[in-house]
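Source file: entry-v8.cif (mmCIF, C-alpha atoms)
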data_structure
loop_
_atom_site.group_PDB
_atom_site.id
_atom_site.type_symbol
_atom_site.label_atom_id
_atom_site.label_comp_id
_atom_site.auth_asym_id
_atom_site.auth_seq_id
_atom_site.Cartn_x
_atom_site.Cartn_y
_atom_site.Cartn_z
ATOM 1 C CA GLY A 6 -5.965 12.233 33.322
ATOM 2 C CA ALA A 7 -9.127 13.136 31.528
ATOM 3 C CA GLY A 8 -7.984 16.430 30.058
ATOM 4 C CA VAL A 9 -5.181 17.770 27.881
ATOM 5 C CA SER A 10 -1.968 17.860 29.864
ATOM 6 C CA GLN A 11 0.962 20.167 29.111
ATOM 7 C CA SER A 12 4.388 20.297 30.659
ATOM 8 C CA PRO A 13 6.165 22.164 31.993
ATOM 9 C CA SER A 14 3.620 24.703 33.172
ATOM 10 C CA ASN A 15 6.309 27.358 33.347
ATOM 11 C CA LYS A 16 9.703 27.555 31.695
ATOM 12 C CA VAL A 17 12.339 30.234 32.022
ATOM 13 C CA THR A 18 15.241 29.882 29.638
ATOM 14 C CA GLU A 19 18.204 31.907 28.514
ATOM 15 C CA LYS A 20 18.272 33.412 25.064
ATOM 16 C CA GLY A 21 19.898 31.021 22.620
ATOM 17 C CA LYS A 22 18.948 27.836 24.466
ATOM 18 C CA ASP A 23 16.661 25.152 23.032
ATOM 19 C CA VAL A 24 13.387 24.243 24.753
ATOM 20 C CA GLU A 25 10.939 21.372 24.433
ATOM 21 C CA LEU A 26 7.289 21.701 25.306
ATOM 22 C CA ARG A 27 5.142 18.633 25.752
ATOM 23 C CA CYS A 28 1.450 18.001 25.135
ATOM 24 C CA ASP A 29 -0.478 14.901 26.120
ATOM 25 C CA PRO A 30 -3.905 15.040 24.435
ATOM 26 C CA ILE A 31 -7.157 13.481 25.523
ATOM 27 C CA SER A 32 -7.063 9.755 24.822
ATOM 28 C CA GLY A 33 -8.586 8.946 21.444
ATOM 29 C CA HIS A 34 -8.347 12.474 20.059
ATOM 30 C CA THR A 35 -6.725 12.204 16.634
ATOM 31 C CA ALA A 36 -6.401 15.945 16.048
ATOM 32 C CA LEU A 37 -3.855 18.004 17.983
ATOM 33 C CA TYR A 38 -3.144 21.712 17.704
ATOM 34 C CA TRP A 39 -0.465 24.081 18.945
ATOM 35 C CA TYR A 40 -1.149 27.773 19.449
ATOM 36 C CA ARG A 41 0.728 30.553 21.147
ATOM 37 C CA GLN A 42 -0.635 33.595 22.890
ATOM 38 C CA SER A 43 1.319 36.683 23.787
ATOM 39 C CA LEU A 44 0.130 38.857 26.674
ATOM 40 C CA GLY A 45 -3.123 40.573 25.807
ATOM 41 C CA GLN A 46 -3.198 39.105 22.313
ATOM 42 C CA GLY A 47 -5.303 36.514 20.516
ATOM 43 C CA LEU A 48 -4.411 32.928 19.725
ATOM 44 C CA GLU A 49 -1.795 32.461 17.022
ATOM 45 C CA PHE A 50 -2.040 29.124 15.195
ATOM 46 C CA LEU A 51 1.247 27.234 14.917
ATOM 47 C CA ILE A 52 0.638 23.691 13.676
ATOM 48 C CA TYR A 53 -2.039 21.026 13.391
ATOM 49 C CA PHE A 54 -1.608 17.235 13.567
ATOM 50 C CA GLN A 55 -3.966 14.617 12.271
ATOM 51 C CA GLY A 56 -2.648 11.415 13.733
ATOM 52 C CA ASN A 57 1.137 11.638 13.409
ATOM 53 C CA SER A 58 1.165 13.776 10.288
ATOM 54 C CA ALA A 59 0.990 17.559 10.120
ATOM 55 C CA PRO A 60 -1.239 18.639 7.226
ATOM 56 C CA ASP A 61 -0.925 22.273 8.251
ATOM 57 C CA LYS A 62 2.278 23.700 9.676
ATOM 58 C CA SER A 63 1.796 27.090 8.082
ATOM 59 C CA GLY A 64 1.793 28.922 11.384
ATOM 60 C CA LEU A 65 5.297 28.002 12.514
ATOM 61 C CA PRO A 66 6.999 31.417 12.647
ATOM 62 C CA SER A 67 10.485 30.310 11.629
ATOM 63 C CA ASP A 68 12.648 27.267 11.036
ATOM 64 C CA ARG A 69 13.663 27.449 14.698
ATOM 65 C CA PHE A 70 10.244 25.961 15.489
ATOM 66 C CA SER A 71 9.438 22.305 14.901
ATOM 67 C CA ALA A 72 6.938 19.822 16.237
ATOM 68 C CA GLU A 73 6.372 16.129 16.137
ATOM 69 C CA ARG A 74 3.775 13.694 17.296
ATOM 70 C CA THR A 75 4.387 10.028 17.932
ATOM 71 C CA GLY A 76 1.996 7.126 18.345
ATOM 72 C CA GLY A 77 -0.904 9.399 17.536
ATOM 73 C CA SER A 78 -0.664 10.721 21.060
ATOM 74 C CA VAL A 79 2.001 12.883 22.716
ATOM 75 C CA SER A 80 3.352 15.873 20.840
ATOM 76 C CA THR A 81 6.515 17.887 21.405
ATOM 77 C CA LEU A 82 7.055 21.452 20.244
ATOM 78 C CA THR A 83 10.734 22.356 20.027
ATOM 79 C CA ILE A 84 12.092 25.873 19.817
ATOM 80 C CA GLN A 85 15.770 26.126 18.958
ATOM 81 C CA ARG A 86 18.004 29.076 19.776
ATOM 82 C CA THR A 87 15.220 30.839 21.665
ATOM 83 C CA GLN A 88 14.759 34.578 21.279
ATOM 84 C CA GLN A 89 13.035 37.035 23.602
ATOM 85 C CA GLU A 90 10.143 37.402 21.150
ATOM 86 C CA ASP A 91 9.399 33.701 21.674
ATOM 87 C CA SER A 92 8.160 34.537 25.181
ATOM 88 C CA ALA A 93 4.470 33.650 25.273
ATOM 89 C CA VAL A 94 2.013 31.065 26.528
ATOM 90 C CA TYR A 95 2.052 27.979 24.328
ATOM 91 C CA LEU A 96 -1.324 26.248 24.266
ATOM 92 C CA CYS A 97 -2.077 22.761 23.041
ATOM 93 C CA ALA A 98 -5.558 21.526 22.139
ATOM 94 C CA SER A 99 -6.991 18.240 20.977
ATOM 95 C CA SER A 100 -10.175 17.228 19.243
ATOM 96 C CA LEU A 101 -11.996 14.313 17.738
ATOM 97 C CA ILE A 102 -12.320 14.384 13.971
ATOM 98 C CA ARG A 103 -15.909 13.792 13.081
ATOM 99 C CA GLN A 104 -18.693 15.325 11.096
ATOM 100 C CA GLY A 105 -20.709 17.732 13.114
ATOM 101 C CA SER A 106 -19.747 19.747 16.124
ATOM 102 C CA ALA A 107 -16.469 18.554 17.642
ATOM 103 C CA GLU A 108 -14.999 21.059 20.068
ATOM 104 C CA ALA A 109 -11.323 21.594 20.822
ATOM 105 C CA PHE A 110 -10.167 21.018 24.392
ATOM 106 C CA PHE A 111 -7.214 23.029 25.649
ATOM 107 C CA GLY A 112 -4.453 22.276 28.078
ATOM 108 C CA GLN A 113 -3.470 24.842 30.676
ATOM 109 C CA GLY A 114 -0.516 25.965 28.598
ATOM 110 C CA THR A 115 3.221 26.389 29.060
ATOM 111 C CA ARG A 116 4.314 29.899 29.960
ATOM 112 C CA LEU A 117 7.694 30.420 28.301
ATOM 113 C CA THR A 118 9.923 33.280 29.343
ATOM 114 C CA VAL A 119 13.152 33.892 27.466
ATOM 115 C CA VAL A 120 15.596 36.082 29.385
ATOM 116 C CA ARG B 12 -8.401 38.799 5.218
ATOM 117 C CA LYS B 13 -8.731 37.043 8.574
ATOM 118 C CA GLU B 14 -10.866 33.928 8.762
ATOM 119 C CA VAL B 15 -12.736 35.284 11.793
ATOM 120 C CA GLU B 16 -13.268 38.925 12.735
ATOM 121 C CA GLN B 17 -14.464 40.186 16.115
ATOM 122 C CA ASP B 18 -14.813 43.584 17.718
ATOM 123 C CA PRO B 19 -12.124 43.463 20.441
ATOM 124 C CA GLY B 20 -14.065 45.799 22.739
ATOM 125 C CA PRO B 21 -13.623 46.323 25.599
ATOM 126 C CA PHE B 22 -17.229 46.152 26.636
ATOM 127 C CA ASN B 23 -17.839 47.543 30.128
ATOM 128 C CA VAL B 24 -21.406 46.937 31.286
ATOM 129 C CA PRO B 25 -23.233 47.172 34.623
ATOM 130 C CA GLU B 26 -24.529 44.092 36.395
ATOM 131 C CA GLY B 27 -27.887 43.040 35.022
ATOM 132 C CA ALA B 28 -27.296 44.505 31.573
ATOM 133 C CA THR B 29 -27.763 42.680 28.310
ATOM 134 C CA VAL B 30 -24.740 42.626 26.018
ATOM 135 C CA ALA B 31 -24.279 41.266 22.501
ATOM 136 C CA PHE B 32 -21.123 40.240 20.687
ATOM 137 C CA ASN B 33 -20.861 39.787 16.955
ATOM 138 C CA CYS B 34 -18.476 37.907 14.760
ATOM 139 C CA THR B 35 -18.070 37.450 11.030
ATOM 140 C CA TYR B 36 -16.268 34.679 9.184
ATOM 141 C CA SER B 37 -14.859 34.754 5.698
ATOM 142 C CA ASN B 38 -15.095 31.161 4.468
ATOM 143 C CA SER B 39 -18.560 29.991 3.488
ATOM 144 C CA ALA B 40 -17.354 26.380 3.732
ATOM 145 C CA SER B 41 -17.010 26.741 7.512
ATOM 146 C CA GLN B 42 -19.143 24.081 9.094
ATOM 147 C CA SER B 43 -19.135 24.238 12.880
ATOM 148 C CA PHE B 44 -19.276 27.263 15.099
ATOM 149 C CA PHE B 45 -18.524 27.891 18.753
ATOM 150 C CA TRP B 46 -18.147 30.522 21.407
ATOM 151 C CA TYR B 47 -15.292 29.997 23.841
ATOM 152 C CA ARG B 48 -14.611 31.883 27.041
ATOM 153 C CA GLN B 49 -11.116 32.740 28.247
ATOM 154 C CA ASP B 50 -10.471 34.037 31.743
ATOM 155 C CA CYS B 51 -7.356 36.055 32.475
ATOM 156 C CA ARG B 52 -4.228 33.872 32.349
ATOM 157 C CA LYS B 53 -6.293 30.740 31.742
ATOM 158 C CA GLU B 54 -6.877 28.504 28.748
ATOM 159 C CA PRO B 55 -9.951 28.936 26.501
ATOM 160 C CA LYS B 56 -12.938 26.782 27.398
ATOM 161 C CA LEU B 57 -16.046 26.009 25.400
ATOM 162 C CA LEU B 58 -19.004 28.199 26.325
ATOM 163 C CA MET B 59 -21.423 26.861 23.758
ATOM 164 C CA SER B 60 -21.717 25.495 20.263
ATOM 165 C CA VAL B 61 -23.732 27.511 17.756
ATOM 166 C CA TYR B 62 -26.390 25.759 15.720
ATOM 167 C CA SER B 63 -28.137 26.933 12.571
ATOM 168 C CA SER B 64 -31.485 27.181 14.331
ATOM 169 C CA GLY B 65 -29.990 29.222 17.160
ATOM 170 C CA ASN B 66 -29.598 27.906 20.667
ATOM 171 C CA GLU B 67 -29.925 29.031 24.236
ATOM 172 C CA ASP B 68 -28.218 27.982 27.439
ATOM 173 C CA GLY B 69 -29.594 29.810 30.438
ATOM 174 C CA ARG B 70 -28.696 33.484 30.087
ATOM 175 C CA PHE B 71 -26.702 32.878 26.907
ATOM 176 C CA THR B 72 -28.139 32.810 23.385
ATOM 177 C CA ALA B 73 -26.109 32.062 20.265
ATOM 178 C CA GLN B 74 -27.251 32.643 16.702
ATOM 179 C CA LEU B 75 -25.834 31.838 13.288
ATOM 180 C CA ASN B 76 -26.665 33.506 9.992
ATOM 181 C CA ARG B 77 -25.012 31.458 7.242
ATOM 182 C CA ALA B 78 -26.177 33.762 4.454
ATOM 183 C CA SER B 79 -24.432 36.735 6.057
ATOM 184 C CA GLN B 80 -21.607 34.613 7.562
ATOM 185 C CA TYR B 81 -22.320 36.100 10.935
ATOM 186 C CA ILE B 82 -22.428 34.689 14.475
ATOM 187 C CA SER B 83 -23.708 36.372 17.609
ATOM 188 C CA LEU B 84 -23.707 35.812 21.357
ATOM 189 C CA LEU B 85 -26.224 37.489 23.649
ATOM 190 C CA ILE B 86 -25.730 37.553 27.407
ATOM 191 C CA ARG B 87 -28.725 38.571 29.473
ATOM 192 C CA ASP B 88 -28.707 39.704 33.123
ATOM 193 C CA SER B 89 -24.906 40.028 33.190
ATOM 194 C CA LYS B 90 -23.104 38.804 36.294
ATOM 195 C CA LEU B 91 -19.721 39.868 37.638
ATOM 196 C CA SER B 92 -18.548 36.328 36.901
ATOM 197 C CA ASP B 93 -19.236 36.850 33.191
ATOM 198 C CA SER B 94 -16.185 39.118 32.981
ATOM 199 C CA ALA B 95 -13.836 37.408 30.540
ATOM 200 C CA THR B 96 -12.757 37.392 26.896
ATOM 201 C CA TYR B 97 -15.168 35.715 24.501
ATOM 202 C CA LEU B 98 -13.696 34.002 21.449
ATOM 203 C CA CYS B 99 -15.614 33.296 18.267
ATOM 204 C CA VAL B 100 -14.473 30.041 16.643
ATOM 205 C CA VAL B 101 -15.237 28.407 13.315
ATOM 206 C CA ASN B 102 -14.299 24.901 12.266
ATOM 207 C CA LYS B 103 -13.910 23.227 8.883
ATOM 208 C CA TRP B 104 -13.879 19.486 9.253
ATOM 209 C CA ASP B 105 -14.001 18.423 5.618
ATOM 210 C CA THR B 106 -10.479 19.656 4.878
ATOM 211 C CA GLY B 107 -8.755 18.561 8.032
ATOM 212 C CA ASN B 108 -10.675 19.775 11.042
ATOM 213 C CA GLN B 109 -8.998 23.150 11.334
ATOM 214 C CA PHE B 110 -10.212 25.637 13.968
ATOM 215 C CA TYR B 111 -10.061 29.370 13.353
ATOM 216 C CA PHE B 112 -10.189 31.664 16.376
ATOM 217 C CA GLY B 113 -11.166 35.293 16.513
ATOM 218 C CA THR B 114 -8.976 37.577 18.585
ATOM 219 C CA GLY B 115 -11.655 37.795 21.256
ATOM 220 C CA THR B 116 -13.977 40.398 22.735
ATOM 221 C CA SER B 117 -13.230 41.593 26.247
ATOM 222 C CA LEU B 118 -16.162 41.960 28.662
ATOM 223 C CA THR B 119 -16.032 43.560 32.091
ATOM 224 C CA VAL B 120 -19.189 43.534 34.196
ATOM 225 C CA ILE B 121 -19.170 46.368 36.704
ATOM 226 C CA PRO B 122 -20.910 46.237 40.107
#

As structure tokens, how would this structure be written, given the file I've shared?
Amino acid sequence: GAGVSQSPSNKVTEKGKDVELRCDPISGHTALYWYRQSLGQGLEFLIYFQGNSAPDKSGLPSDRFSAERTGGSVSTLTIQRTQQEDSAVYLCASSLIRQGSAEAFFGQGTRLTVV
Amino acid sequence: RKEVEQDPGPFNVPEGATVAFNCTYSNSASQSFFWYRQDCRKEPKLLMSVYSSGNEDGRFTAQLNRASQYISLLIRDSKLSDSATYLCVVNKWDTGNQFYFGTGTSLTVIP
């Protein structure tokens, strides 16, 4: 497709289980970002990829969170031993890297509910 | 200090009103600026980029003041469909193309 694609769109998991969230960016976009958004709150930065490397992973809230990107394309965000406070919408965005005004395009998000 | 600061509102305005949102950013090396719109339970989408000379798109006008590190968005003749959260965004592309989002300003346009 032409846009950023995320899967699954919704995920309900039991506390303590691991989950994997997937992001398929716009073709050719070298930059990829993960954010999370709790209900009624702003965007919380998690991690940024440039190609397959992550120059900024400062936003990952704990060592239960990890992310990888392969082939400069698809990215997976993994949350181990999920906790109830992990419940949020996880948003992925991608962007070109160029001088000047390069916007970020968002996927529709994965709504994670930990019960 | 946060990279981007916005008044969270909420702003409740009648149809036809003019409303202005302001945003300040902390890093003078910020290089690109945007306003995004986020509807309830939807992803953010670009509303408009903000250029140094100021720019207009229909009822929307964006302005940038680099000296004061300040960005504004003016909406004229508000419509019910303008009800949303407006996010101020700054971008630094010389150190890795990082985007910094404000927490958003909530607007409700009332009939």

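Coordinates place atom CA of Asn108 of chain B at a distance of 25.5 Å from atom CA of Pro19 of chain B.
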
Which residues of chain A come within 12 Å of chain B, and for each one, what is the closest pair of atoms and their distance in Å to one decimal, counting only C-alpha atoms, sorted by chain and residue number, as a tab-separated table?
residue	atom	partner	partner_atom	distance
A:Gly8	CA	B:Lys56	CA	11.8
A:Val9	CA	B:Glu54	CA	10.9
A:Ser10	CA	B:Glu54	CA	11.8
A:Gln11	CA	B:Glu54	CA	11.4
A:Ser14	CA	B:Lys53	CA	11.7
A:His34	CA	B:Asn108	CA	11.8
A:Thr35	CA	B:Asn108	CA	10.2
A:Ala36	CA	B:Asn108	CA	7.6
A:Leu37	CA	B:Gln109	CA	9.9
A:Tyr38	CA	B:Gln109	CA	8.8
A:Trp39	CA	B:Phe110	CA	11.1
A:Tyr40	CA	B:Phe112	CA	10.3
A:Arg41	CA	B:Glu54	CA	10.9
A:Gln42	CA	B:Glu54	CA	10.0
A:Ser43	CA	B:Arg52	CA	10.6
A:Leu44	CA	B:Arg52	CA	8.7
A:Gly45	CA	B:Cys51	CA	9.1
A:Gln46	CA	B:Thr114	CA	7.0
A:Gly47	CA	B:Thr114	CA	4.3
A:Leu48	CA	B:Thr114	CA	6.6
A:Glu49	CA	B:Phe112	CA	8.5
A:Phe50	CA	B:Tyr111	CA	8.2
A:Leu51	CA	B:Gln109	CA	11.6
A:Ile52	CA	B:Gln109	CA	9.9
A:Tyr53	CA	B:Gln109	CA	7.6
A:Phe54	CA	B:Gly107	CA	9.1
A:Gln55	CA	B:Gly107	CA	7.5
A:Gly56	CA	B:Gly107	CA	11.0
A:Ser58	CA	B:Gly107	CA	11.2
A:Ala59	CA	B:Gly107	CA	10.0
A:Pro60	CA	B:Gly107	CA	7.6
A:Asp61	CA	B:Gly107	CA	8.7
A:Lys62	CA	B:Gln109	CA	11.4
A:Ser63	CA	B:Gln109	CA	11.9
A:Ala93	CA	B:Arg52	CA	11.2
A:Val94	CA	B:Arg52	CA	9.0
A:Tyr95	CA	B:Glu54	CA	10.0
A:Leu96	CA	B:Glu54	CA	7.5
A:Cys97	CA	B:Glu54	CA	9.4
A:Ala98	CA	B:Pro55	CA	9.7
A:Ser99	CA	B:Phe110	CA	10.7
A:Ser100	CA	B:Asn108	CA	8.6
A:Leu101	CA	B:Asn108	CA	8.7
A:Ile102	CA	B:Asn108	CA	6.4
A:Arg103	CA	B:Trp104	CA	7.2
A:Gln104	CA	B:Trp104	CA	6.6
A:Gly105	CA	B:Ser43	CA	6.7
A:Ser106	CA	B:Ser43	CA	5.6
A:Ala107	CA	B:Ser43	CA	7.9
A:Glu108	CA	B:Leu57	CA	7.4
A:Ala109	CA	B:Leu57	CA	7.9
A:Phe110	CA	B:Lys56	CA	7.1
A:Phe111	CA	B:Glu54	CA	6.3
A:Gly112	CA	B:Glu54	CA	6.7
A:Gln113	CA	B:Glu54	CA	5.4
A:Gly114	CA	B:Glu54	CA	6.9
A:Thr115	CA	B:Glu54	CA	10.3
A:Arg116	CA	B:Arg52	CA	9.7

Which residues are close to segment 70-73 of chain A, i.e. within 6 Å by all atoms listed in the file, leaving aside same-chain residues fewer than 6 positions away? Reply as a short mmCIF file (atom, residue, chain, number, x, y, z; two decimals) with C-alpha atoms, in the frame of the given file.
data_model
loop_
_atom_site.label_atom_id
_atom_site.label_comp_id
_atom_site.auth_asym_id
_atom_site.auth_seq_id
_atom_site.Cartn_x
_atom_site.Cartn_y
_atom_site.Cartn_z
CA SER A 80 3.35 15.87 20.84
CA THR A 81 6.52 17.89 21.40
CA LEU A 82 7.06 21.45 20.24
CA THR A 83 10.73 22.36 20.03
CA ILE A 84 12.09 25.87 19.82
#

Name the residues in contact with Gln80 of chain B at a cut-off of 9 Å, using all atoms listed in the file, excluding same-chain residues fewer than 6 positions from it; report them as a compact mmCIF listing (two decimals) with C-alpha atoms, in the frame of the given file.
# COMPACT_ATOMS: atom_id res chain seq x y z
CA CYS B 34 -18.48 37.91 14.76
CA THR B 35 -18.07 37.45 11.03
CA TYR B 36 -16.27 34.68 9.18
CA SER B 37 -14.86 34.75 5.70
CA ASN B 38 -15.10 31.16 4.47
CA SER B 39 -18.56 29.99 3.49

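Between atom CA of Gly33 of chain A and atom CA of Ser12 of chain A the interatomic distance comes to 19.5 Å.
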
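Reported to one decimal place, the separation of atom CA of Ala7 of chain A from atom CA of Asp68 of chain B is 24.5 Å.
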
Skipping near chain neighbours, those fewer than 3 positions away, what residues fall within 12 Å of Arg69 of chain A using only C-alpha atoms, listed as a list in words?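 Skipping anything fewer than 3 positions along the chain leaves Gly21, Lys22, Asp23, Val24, Glu25, Leu65, Pro66, Ala72, Leu82, Thr83, Ile84, Gln85, Arg86, Thr87, Gln88 and Asp91 of chain A.
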
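What the PyMOL selection byres ((chain B and resi 95) around 10) grabs from this file is Arg48, Gln49, Asp50, Cys51, Leu91, Ser92, Asp93, Ser94, Thr96, Tyr97, Leu98, Gly115, Thr116, Ser117, Leu118, Thr119 and Val120 of chain B.
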
Quick one: residues within 8 Å of Val119 of chain A, all atoms listed in the file, excluding same-chain residues fewer than 4 positions away - as a PDB file with C-alpha atoms, in the coordinates of the input?
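Contents of out-v1.pdb, as written:
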ATOM      1  CA  VAL A  17      12.339  30.234  32.022  1.00  0.00           C
ATOM      2  CA  THR A  18      15.241  29.882  29.638  1.00  0.00           C
ATOM      3  CA  GLU A  19      18.204  31.907  28.514  1.00  0.00           C
ATOM      4  CA  LYS A  20      18.272  33.412  25.064  1.00  0.00           C
ATOM      5  CA  THR A  87      15.220  30.839  21.665  1.00  0.00           C
ATOM      6  CA  GLN A  88      14.759  34.578  21.279  1.00  0.00           C
ATOM      7  CA  GLN A  89      13.035  37.035  23.602  1.00  0.00           C
ATOM      8  CA  GLU A  90      10.143  37.402  21.150  1.00  0.00           C
ATOM      9  CA  ASP A  91       9.399  33.701  21.674  1.00  0.00           C
ATOM     10  CA  SER A  92       8.160  34.537  25.181  1.00  0.00           C
TER      11      SER A  92
END

Which neighbours of Lys90 of chain B fall inside 10 Å, counting only C-alpha atoms, when residues of the same chain fewer than 6 positions from it are skipped, and could you give them as a PDB file with C-alpha atoms, keeping the file's coordinate frame?
ATOM      1  CA  VAL B  24     -21.406  46.937  31.286  1.00  0.00           C
ATOM      2  CA  PRO B  25     -23.233  47.172  34.623  1.00  0.00           C
ATOM      3  CA  GLU B  26     -24.529  44.092  36.395  1.00  0.00           C
ATOM      4  CA  GLY B  27     -27.887  43.040  35.022  1.00  0.00           C
ATOM      5  CA  ALA B  28     -27.296  44.505  31.573  1.00  0.00           C
ATOM      6  CA  ARG B  70     -28.696  33.484  30.087  1.00  0.00           C
ATOM      7  CA  THR B 119     -16.032  43.560  32.091  1.00  0.00           C
ATOM      8  CA  VAL B 120     -19.189  43.534  34.196  1.00  0.00           C
ATOM      9  CA  ILE B 121     -19.170  46.368  36.704  1.00  0.00           C
ATOM     10  CA  PRO B 122     -20.910  46.237  40.107  1.00  0.00           C
TER      11      PRO B 122
END

Edge lengths and centre in Å, axis-aligned, segment 23-34 of chain A plus 6 Å each side, as AutoDock Vina command-line options:
--center_x 4.0 --center_y 17.0 --center_z 23.1 --size_x 37.2 --size_y 28.2 --size_z 18.1

Quick one: which residues end up in the PyMOL selection byres ((chain B and resi 72) around 12) for this structure, as a PyMOL selection string? chain B and resi 29-33+45-46+58-62+64-71+73-75+82-88
